[in-house]
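**Q** Got a structure for you, written out below as structure tokens; questions coming shortly.
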Amino acid sequence: MQEWVADANQAVSLRLVRDPKDENYKDIVGINGDRRVLEPFHPTFTYPIFGDKKVIFGYKGLKVRIDMASGSLKEYLSITYREKINSTATPADDIEGILYKFIPSDYTKNAKTFADTVQKDAETFVPPGEKIAAYAPVEQAGNEKAEYGFYKCKWDTPGFREFHRRAQLFILLYIEAGSYIQEDEDEWEFLLTQFVILLPYQGKGHGSQLYNALWNHISNRPEVSELTIEDPSEHFEDLRDRNDLTRLRKLLGQSKEILAGAPVDKTWMEKTRKELKYAKRQFLRIIEIMLLEQLKYRKNDPNAYKALRLQVKERLYRFNYEILSQLEPEERKQKLQETYANVEEDYKRLLASTGSEEGIGRWKWVDA
């Protein structure tokens, strides 16, 4: 029966359609010469929809296509296959019936109707909400005039509920263990969890643009004391670290406290952290990265490296106190050193990704 089993991640594809001509995407150059923005792309996760085995049963040559008008995200559903199993004992999965539970009921299966929707979006669509920031790529090819914007919405923003009901499919398909937000839950504190940057737009800096736009918007609100990130993914944490490092370099990189090296005055760090509205652990980590970066200017002072290690280890000990306090002194020292070594390697990786690793890795270990 294996020949009737399809990998749901491969069988399902999505596509954002900005113009009816995009149907012929293989013959179109694309935005700024990049055809990826026109091509279909696959989901990362399908188990929330098709189950933990991530398979669809009962078809050969199965293709499940979900096209979305790139403005309103109104959907076109197409299910095609070479052959469908004919068995009452082991019937084929009802693909449309399964998807119906997860997408708004106003989707269409008519290509002409969808093309008309795409054309209307191209002419009239405006995102719901208040625009809080916008940017355009520095380099644009030909006559392309692409602009990207960020819009702030509430549940009562006209058109937002409908837009959100279509957009939240991406939560299931691209955020592990993601789930839909209940619209009747009105009491939400501001909390940042994840970004979804769709595959055709990844690697272009959009995530950083969004993070910084949100940071600037939120940090200027007097009722917000700090920007908290709940359980970020590894990729999101990297994005956050790189952008926070860039920001704090500009704000604090030439301060006497950072230039003096470790240990940095705790009173100054706490006062500065609160002023800048950073979560405590994140702020201390970025300060540590900046101090590590400063070591390249202090190559003849190995004591500076030892002082940095002591500052980092103190934070790690406090953060992991419940576990480390139960260990014998020698084992505790070893575990703390192992943890520090991993932290330093990760810091070096981040500095390398921001173009600032030269001269950091020459230090030999000196037990603290």
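By order in the structure tokens, chains are A, B, ...; within a chain, residues start at 1; ligands start at 1, following the order shown.
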Go through stretch 188-292 of chain A and flag each residue having an atom no more than 9 Å from stretch 41-60 of chain A; for those, report the closest pair of atoms plus their distance in Å to one decimal, using only C-alpha atoms, ordered by chain and rising number, as a Markdown table.
**A**
```
| residue | atom | partner | partner_atom | distance |
| --- | --- | --- | --- | --- |
| A:Leu198 | CA | A:Phe41 | CA | 8.8 |
| A:Leu199 | CA | A:Phe41 | CA | 6.8 |
| A:Pro200 | CA | A:Phe41 | CA | 7.5 |
```
**Q** Set the distance at 12 Å and use only C-alpha atoms: which residues neighbour A:Asp116 once local chain neighbours fewer than 3 positions away are removed? I'd like the list as a list in words.
**A**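 Listed by chain and then number, they are Val17, Arg18, Asp19, Pro20, Lys21, Ala69, Lys74, Tyr76, Thr108, Asn110, Ala111, Lys112, Thr113, Gln119, Lys120, Asp121, Ala122 and Glu123 of chain A.
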**Q** Atoms to include: all heavy atoms. Write the selected residues as a CSV table (one decimal), in the first residue's frame.
**A**
```
chain,number,residue,atom,x,y,z
A,17,VAL,N,0.5,35.0,-5.3
A,17,VAL,CA,0.3,35.5,-6.7
A,17,VAL,C,-0.1,37.0,-6.7
A,17,VAL,O,-1.1,37.4,-6.1
A,17,VAL,CB,-0.9,34.7,-7.4
A,17,VAL,CG1,-1.0,35.1,-8.8
A,17,VAL,CG2,-0.6,33.2,-7.3
A,18,ARG,N,0.8,37.8,-7.3
A,18,ARG,CA,0.6,39.3,-7.3
A,18,ARG,C,0.0,39.8,-8.6
A,18,ARG,O,-0.5,40.9,-8.6
A,18,ARG,CB,1.9,40.0,-7.0
A,18,ARG,CG,2.9,39.7,-8.1
A,18,ARG,CD,4.3,40.2,-7.8
A,18,ARG,NE,5.1,40.0,-9.0
A,18,ARG,CZ,5.8,40.9,-9.7
A,18,ARG,NH1,5.7,42.2,-9.3
A,18,ARG,NH2,6.5,40.6,-10.7
A,19,ASP,N,0.0,38.9,-9.6
A,19,ASP,CA,-0.5,39.4,-10.9
A,19,ASP,C,-1.0,38.1,-11.7
A,19,ASP,O,-0.4,37.1,-11.5
A,19,ASP,CB,0.6,40.0,-11.7
A,19,ASP,CG,0.1,40.7,-13.0
A,19,ASP,OD1,-0.3,39.9,-13.9
A,19,ASP,OD2,0.1,41.9,-13.1
A,20,PRO,N,-2.1,38.2,-12.4
A,20,PRO,CA,-2.6,37.0,-13.1
A,20,PRO,C,-1.5,36.4,-14.0
A,20,PRO,O,-1.5,35.2,-14.3
A,20,PRO,CB,-3.8,37.6,-13.9
A,20,PRO,CG,-4.3,38.7,-13.1
A,20,PRO,CD,-3.1,39.3,-12.5
A,21,LYS,N,-0.6,37.2,-14.5
A,21,LYS,CA,0.5,36.7,-15.4
A,21,LYS,C,1.4,35.8,-14.6
A,21,LYS,O,2.2,35.1,-15.3
A,21,LYS,CB,1.2,37.9,-16.1
A,21,LYS,CG,0.4,38.7,-17.0
A,21,LYS,CD,1.2,39.7,-17.8
A,21,LYS,CE,2.0,40.7,-16.9
A,21,LYS,NZ,1.0,41.6,-16.3
A,69,ALA,N,-3.8,35.1,-3.3
A,69,ALA,CA,-3.6,36.5,-3.8
A,69,ALA,C,-2.7,37.2,-2.8
A,69,ALA,O,-2.9,37.2,-1.6
A,69,ALA,CB,-5.0,37.2,-3.9
A,74,LYS,N,-6.6,35.8,-0.3
A,74,LYS,CA,-7.7,34.9,-0.7
A,74,LYS,C,-7.2,33.7,-1.4
A,74,LYS,O,-6.2,33.8,-2.2
A,74,LYS,CB,-8.7,35.7,-1.5
A,74,LYS,CG,-9.5,36.7,-0.7
A,74,LYS,CD,-10.6,37.4,-1.5
A,74,LYS,CE,-11.4,38.3,-0.7
A,74,LYS,NZ,-12.4,39.0,-1.5
A,76,TYR,N,-6.9,30.0,-3.6
A,76,TYR,CA,-7.4,29.1,-4.6
A,76,TYR,C,-6.8,27.7,-4.3
A,76,TYR,O,-5.6,27.5,-4.1
A,76,TYR,CB,-6.8,29.6,-6.0
A,76,TYR,CG,-6.9,28.6,-7.1
A,76,TYR,CD1,-8.1,28.3,-7.7
A,76,TYR,CD2,-5.7,27.9,-7.6
A,76,TYR,CE1,-8.2,27.4,-8.8
A,76,TYR,CE2,-5.8,27.0,-8.6
A,76,TYR,CZ,-7.0,26.7,-9.2
A,76,TYR,OH,-7.1,25.8,-10.2
A,108,THR,N,-11.7,29.5,-3.3
A,108,THR,CA,-12.3,29.1,-4.6
A,108,THR,C,-11.5,28.0,-5.2
A,108,THR,O,-10.3,27.8,-5.0
A,108,THR,CB,-12.4,30.3,-5.5
A,108,THR,OG1,-13.0,29.9,-6.7
A,108,THR,CG2,-11.0,30.8,-5.9
A,110,ASN,N,-12.0,27.7,-8.6
A,110,ASN,CA,-12.2,28.2,-10.0
A,110,ASN,C,-11.0,29.1,-10.3
A,110,ASN,O,-10.9,30.2,-9.7
A,110,ASN,CB,-13.5,29.0,-10.1
A,110,ASN,CG,-13.8,29.4,-11.5
A,110,ASN,OD1,-13.1,30.2,-12.1
A,110,ASN,ND2,-14.8,28.8,-12.1
A,111,ALA,N,-10.2,28.7,-11.3
A,111,ALA,CA,-9.0,29.5,-11.7
A,111,ALA,C,-9.4,30.9,-12.2
A,111,ALA,O,-8.7,31.9,-11.9
A,111,ALA,CB,-8.2,28.7,-12.7
A,112,LYS,N,-10.5,31.0,-12.9
A,112,LYS,CA,-10.8,32.3,-13.5
A,112,LYS,C,-11.3,33.3,-12.3
A,112,LYS,O,-10.9,34.5,-12.3
A,112,LYS,CB,-12.0,32.2,-14.5
A,112,LYS,CG,-12.6,33.5,-15.0
A,112,LYS,CD,-11.5,34.3,-15.8
A,112,LYS,CE,-12.1,35.4,-16.6
A,112,LYS,NZ,-12.8,36.4,-15.7
A,113,THR,N,-12.0,32.7,-11.4
A,113,THR,CA,-12.4,33.6,-10.2
A,113,THR,C,-11.2,34.0,-9.4
A,113,THR,O,-11.2,35.2,-9.0
A,113,THR,CB,-13.4,32.7,-9.3
A,113,THR,OG1,-14.5,32.3,-10.0
A,113,THR,CG2,-13.8,33.6,-8.1
A,119,GLN,N,-6.3,40.2,-9.8
A,119,GLN,CA,-6.3,41.4,-10.6
A,119,GLN,C,-6.9,42.6,-9.7
A,119,GLN,O,-6.4,43.7,-9.7
A,119,GLN,CB,-7.1,41.3,-11.9
A,119,GLN,CG,-7.1,42.5,-12.8
A,119,GLN,CD,-5.7,42.8,-13.3
A,119,GLN,OE1,-5.0,41.9,-13.8
A,119,GLN,NE2,-5.3,44.1,-13.2
A,120,LYS,N,-8.0,42.3,-9.0
A,120,LYS,CA,-8.6,43.3,-8.2
A,120,LYS,C,-7.7,43.7,-7.1
A,120,LYS,O,-7.5,44.9,-6.8
A,120,LYS,CB,-9.9,42.8,-7.6
A,120,LYS,CG,-10.6,43.8,-6.7
A,120,LYS,CD,-12.0,43.3,-6.2
A,120,LYS,CE,-12.7,44.3,-5.3
A,120,LYS,NZ,-13.9,43.7,-4.8
A,121,ASP,N,-7.0,42.7,-6.5
A,121,ASP,CA,-6.0,43.1,-5.4
A,121,ASP,C,-4.9,44.0,-5.9
A,121,ASP,O,-4.5,44.9,-5.3
A,121,ASP,CB,-5.4,41.8,-4.9
A,121,ASP,CG,-6.2,41.2,-3.7
A,121,ASP,OD1,-7.3,41.6,-3.5
A,121,ASP,OD2,-5.6,40.3,-3.0
A,122,ALA,N,-4.4,43.6,-7.1
A,122,ALA,CA,-3.3,44.4,-7.7
A,122,ALA,C,-3.7,45.9,-7.9
A,122,ALA,O,-2.9,46.8,-7.9
A,122,ALA,CB,-2.9,43.8,-9.1
A,123,GLU,N,-5.0,46.1,-8.2
A,123,GLU,CA,-5.5,47.5,-8.5
A,123,GLU,C,-5.9,48.2,-7.2
A,123,GLU,O,-5.8,49.4,-7.2
A,123,GLU,CB,-6.6,47.4,-9.5
A,123,GLU,CG,-6.2,46.8,-10.8
A,123,GLU,CD,-7.4,46.5,-11.7
A,123,GLU,OE1,-8.6,46.7,-11.2
A,123,GLU,OE2,-7.2,46.2,-12.9
```
**Q** As an NGL selection string, please: the residues near A:Glu230 (cut-off 9 Å, only C-alpha atoms, same-chain neighbours under 4 positions excluded).
**A** :A and (191-194)
**Q** Residues within 10 Å of A:Leu350, please, as a list in words. Count only C-alpha atoms; anything in the same chain fewer than 4 positions from it doesn't count.
**A**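 My list of contacting residues is Asp238, Leu239, Asp241, Arg242, Leu245, Ile289, Glu344, Glu345, Asp346, Thr354, Gly355, Ser356 and Glu357 of chain A.
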**Q** With only C-alpha atoms as the counted atoms, please give the residues lying no more than 9 Å from A:Leu276, apart from itself and same-chain residues fewer than 6 positions off, as a ChimeraX atom specification.
**A** /A:219,225-226
**Q** If I take atom CA of A:Asp156 and atom CA of A:Thr228, how far is one from the other in Å, to one decimal?
**A**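 Atom CA of A:Asp156 sits 24.7 Å away from atom CA of A:Thr228.
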**Q** Quick one: pull the distance between atom CA of A:Phe125 and atom CA of A:Gly71, Å, one decimal.
**A** 6.1 Å
**Q** Taking the backbone alone, and naming residues the way the document does, which bits of stretch 143-241 of chain A are alpha helix (DSSP H) by DSSP, as a PyMOL selection string?
**A** chain A and resi 160-167+169-174+206-219+234-241
**Q** Produce a file of the selected residues containing C-alpha atoms, as a short mmCIF file (atom, residue, chain, number, x, y, z; two decimals), in the first residue's frame.
**A**
```
data_model
loop_
_atom_site.label_atom_id
_atom_site.label_comp_id
_atom_site.auth_asym_id
_atom_site.auth_seq_id
_atom_site.Cartn_x
_atom_site.Cartn_y
_atom_site.Cartn_z
CA PHE A 160 -8.14 42.56 9.83
CA ARG A 161 -10.11 39.56 11.12
CA GLU A 162 -10.66 38.29 7.59
CA PHE A 163 -7.01 38.85 6.67
CA HIS A 164 -5.83 37.16 9.86
CA ARG A 165 -8.01 34.10 9.29
CA ARG A 166 -6.23 33.52 6.00
CA ALA A 167 -2.73 34.44 7.19
CA LEU A 169 -2.40 29.09 8.07
CA PHE A 170 1.27 30.07 7.90
CA ILE A 171 1.50 29.59 11.69
CA LEU A 172 0.69 25.91 11.37
CA LEU A 173 2.88 25.34 8.33
CA TYR A 174 6.01 27.24 9.44
CA HIS A 206 13.12 41.36 5.88
CA GLY A 207 13.27 39.74 9.31
CA SER A 208 15.74 42.32 10.56
CA GLN A 209 13.67 45.13 9.10
CA LEU A 210 10.58 43.82 10.89
CA TYR A 211 12.38 43.29 14.19
CA ASN A 212 13.86 46.78 14.19
CA ALA A 213 10.58 48.39 13.15
CA LEU A 214 8.80 46.63 16.00
CA TRP A 215 11.57 47.54 18.43
CA ASN A 216 11.46 51.20 17.51
CA HIS A 217 7.67 51.28 17.69
CA ILE A 218 7.37 49.49 21.01
CA SER A 219 10.32 51.07 22.81
CA GLU A 234 17.17 29.16 17.18
CA HIS A 235 16.89 31.15 13.94
CA PHE A 236 14.86 33.88 15.61
CA GLU A 237 17.34 34.13 18.48
CA ASP A 238 20.16 34.60 15.98
CA LEU A 239 18.23 37.36 14.21
CA ARG A 240 17.50 39.02 17.54
CA ASP A 241 21.12 38.77 18.71
#
```
**Q** Could you check how far atom CA of A:Leu308 sits from atom CA of A:Ala262, in Å to one decimal?
**A** 5.0 Å
**Q** For A:Gly261, work out the shell of residues within 8 Å, counting only C-alpha atoms and skipping chain neighbours fewer than 4 positions away, then give it as JSON, numbers by chain.
**A** {"A": [257, 291, 294, 304, 308]}
**Q** Write out as a list in words the set of residues from stretch 110-350 of chain A that DSSP, computed on the backbone, places in strand (DSSP E or B).
**A**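 Of stretch 110-350 of chain A, the ones in strand (DSSP E or B) are Glu130, Lys131, Ile132, Ala133, Ala134, Tyr135, Tyr148, Gly149, Phe150, Tyr151, Lys152, Leu192, Leu227, Ile229 and Tyr278 of chain A.
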**Q** What would the file look like if the residues just selected were written as a CSV table (one decimal), in the first residue's frame with N, CA, C and O atoms?
**A**
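Below is the file that was written, result26.csv:
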```csv
chain,number,residue,atom,x,y,z
A,130,GLU,N,-2.8,50.6,10.6
A,130,GLU,CA,-1.9,51.8,10.5
A,130,GLU,C,-0.5,51.4,10.1
A,130,GLU,O,0.1,50.6,10.8
A,131,LYS,N,0.0,52.1,9.1
A,131,LYS,CA,1.4,51.9,8.7
A,131,LYS,C,2.3,52.5,9.7
A,131,LYS,O,2.3,53.7,10.0
A,132,ILE,N,3.2,51.7,10.3
A,132,ILE,CA,4.1,52.2,11.3
A,132,ILE,C,5.6,52.3,10.8
A,132,ILE,O,6.4,53.0,11.4
A,133,ALA,N,5.9,51.7,9.6
A,133,ALA,CA,7.2,51.8,9.0
A,133,ALA,C,7.1,51.3,7.6
A,133,ALA,O,6.2,50.5,7.3
A,134,ALA,N,8.1,51.7,6.8
A,134,ALA,CA,8.2,51.2,5.4
A,134,ALA,C,9.6,51.3,5.0
A,134,ALA,O,10.4,52.1,5.5
A,135,TYR,N,10.0,50.5,4.0
A,135,TYR,CA,11.3,50.5,3.5
A,135,TYR,C,11.3,50.0,2.1
A,135,TYR,O,10.4,49.3,1.7
A,148,TYR,N,8.1,47.8,1.0
A,148,TYR,CA,7.5,46.9,2.1
A,148,TYR,C,7.1,47.7,3.2
A,148,TYR,O,7.8,48.7,3.6
A,149,GLY,N,6.0,47.4,3.8
A,149,GLY,CA,5.5,48.2,4.9
A,149,GLY,C,5.0,47.3,6.1
A,149,GLY,O,4.8,46.1,5.9
A,150,PHE,N,5.0,47.9,7.3
A,150,PHE,CA,4.5,47.2,8.5
A,150,PHE,C,3.3,47.9,9.0
A,150,PHE,O,3.3,49.1,9.1
A,151,TYR,N,2.3,47.1,9.3
A,151,TYR,CA,1.0,47.7,9.6
A,151,TYR,C,0.5,47.1,11.0
A,151,TYR,O,0.6,45.9,11.3
A,152,LYS,N,0.1,48.0,11.8
A,152,LYS,CA,-0.4,47.7,13.2
A,152,LYS,C,-1.9,47.6,13.1
A,152,LYS,O,-2.6,48.5,12.7
A,192,LEU,N,6.3,39.3,22.1
A,192,LEU,CA,6.8,38.9,20.8
A,192,LEU,C,7.2,37.4,20.9
A,192,LEU,O,7.9,37.0,21.8
A,227,LEU,N,10.9,44.8,26.1
A,227,LEU,CA,10.4,43.9,25.0
A,227,LEU,C,10.9,42.5,25.3
A,227,LEU,O,12.0,42.2,25.3
A,229,ILE,N,10.8,38.4,24.6
A,229,ILE,CA,10.6,37.4,23.5
A,229,ILE,C,10.3,36.0,24.2
A,229,ILE,O,11.1,35.6,25.0
A,278,TYR,N,15.4,46.6,27.6
A,278,TYR,CA,15.8,45.2,27.3
A,278,TYR,C,15.5,44.2,28.4
A,278,TYR,O,15.5,44.6,29.6
```
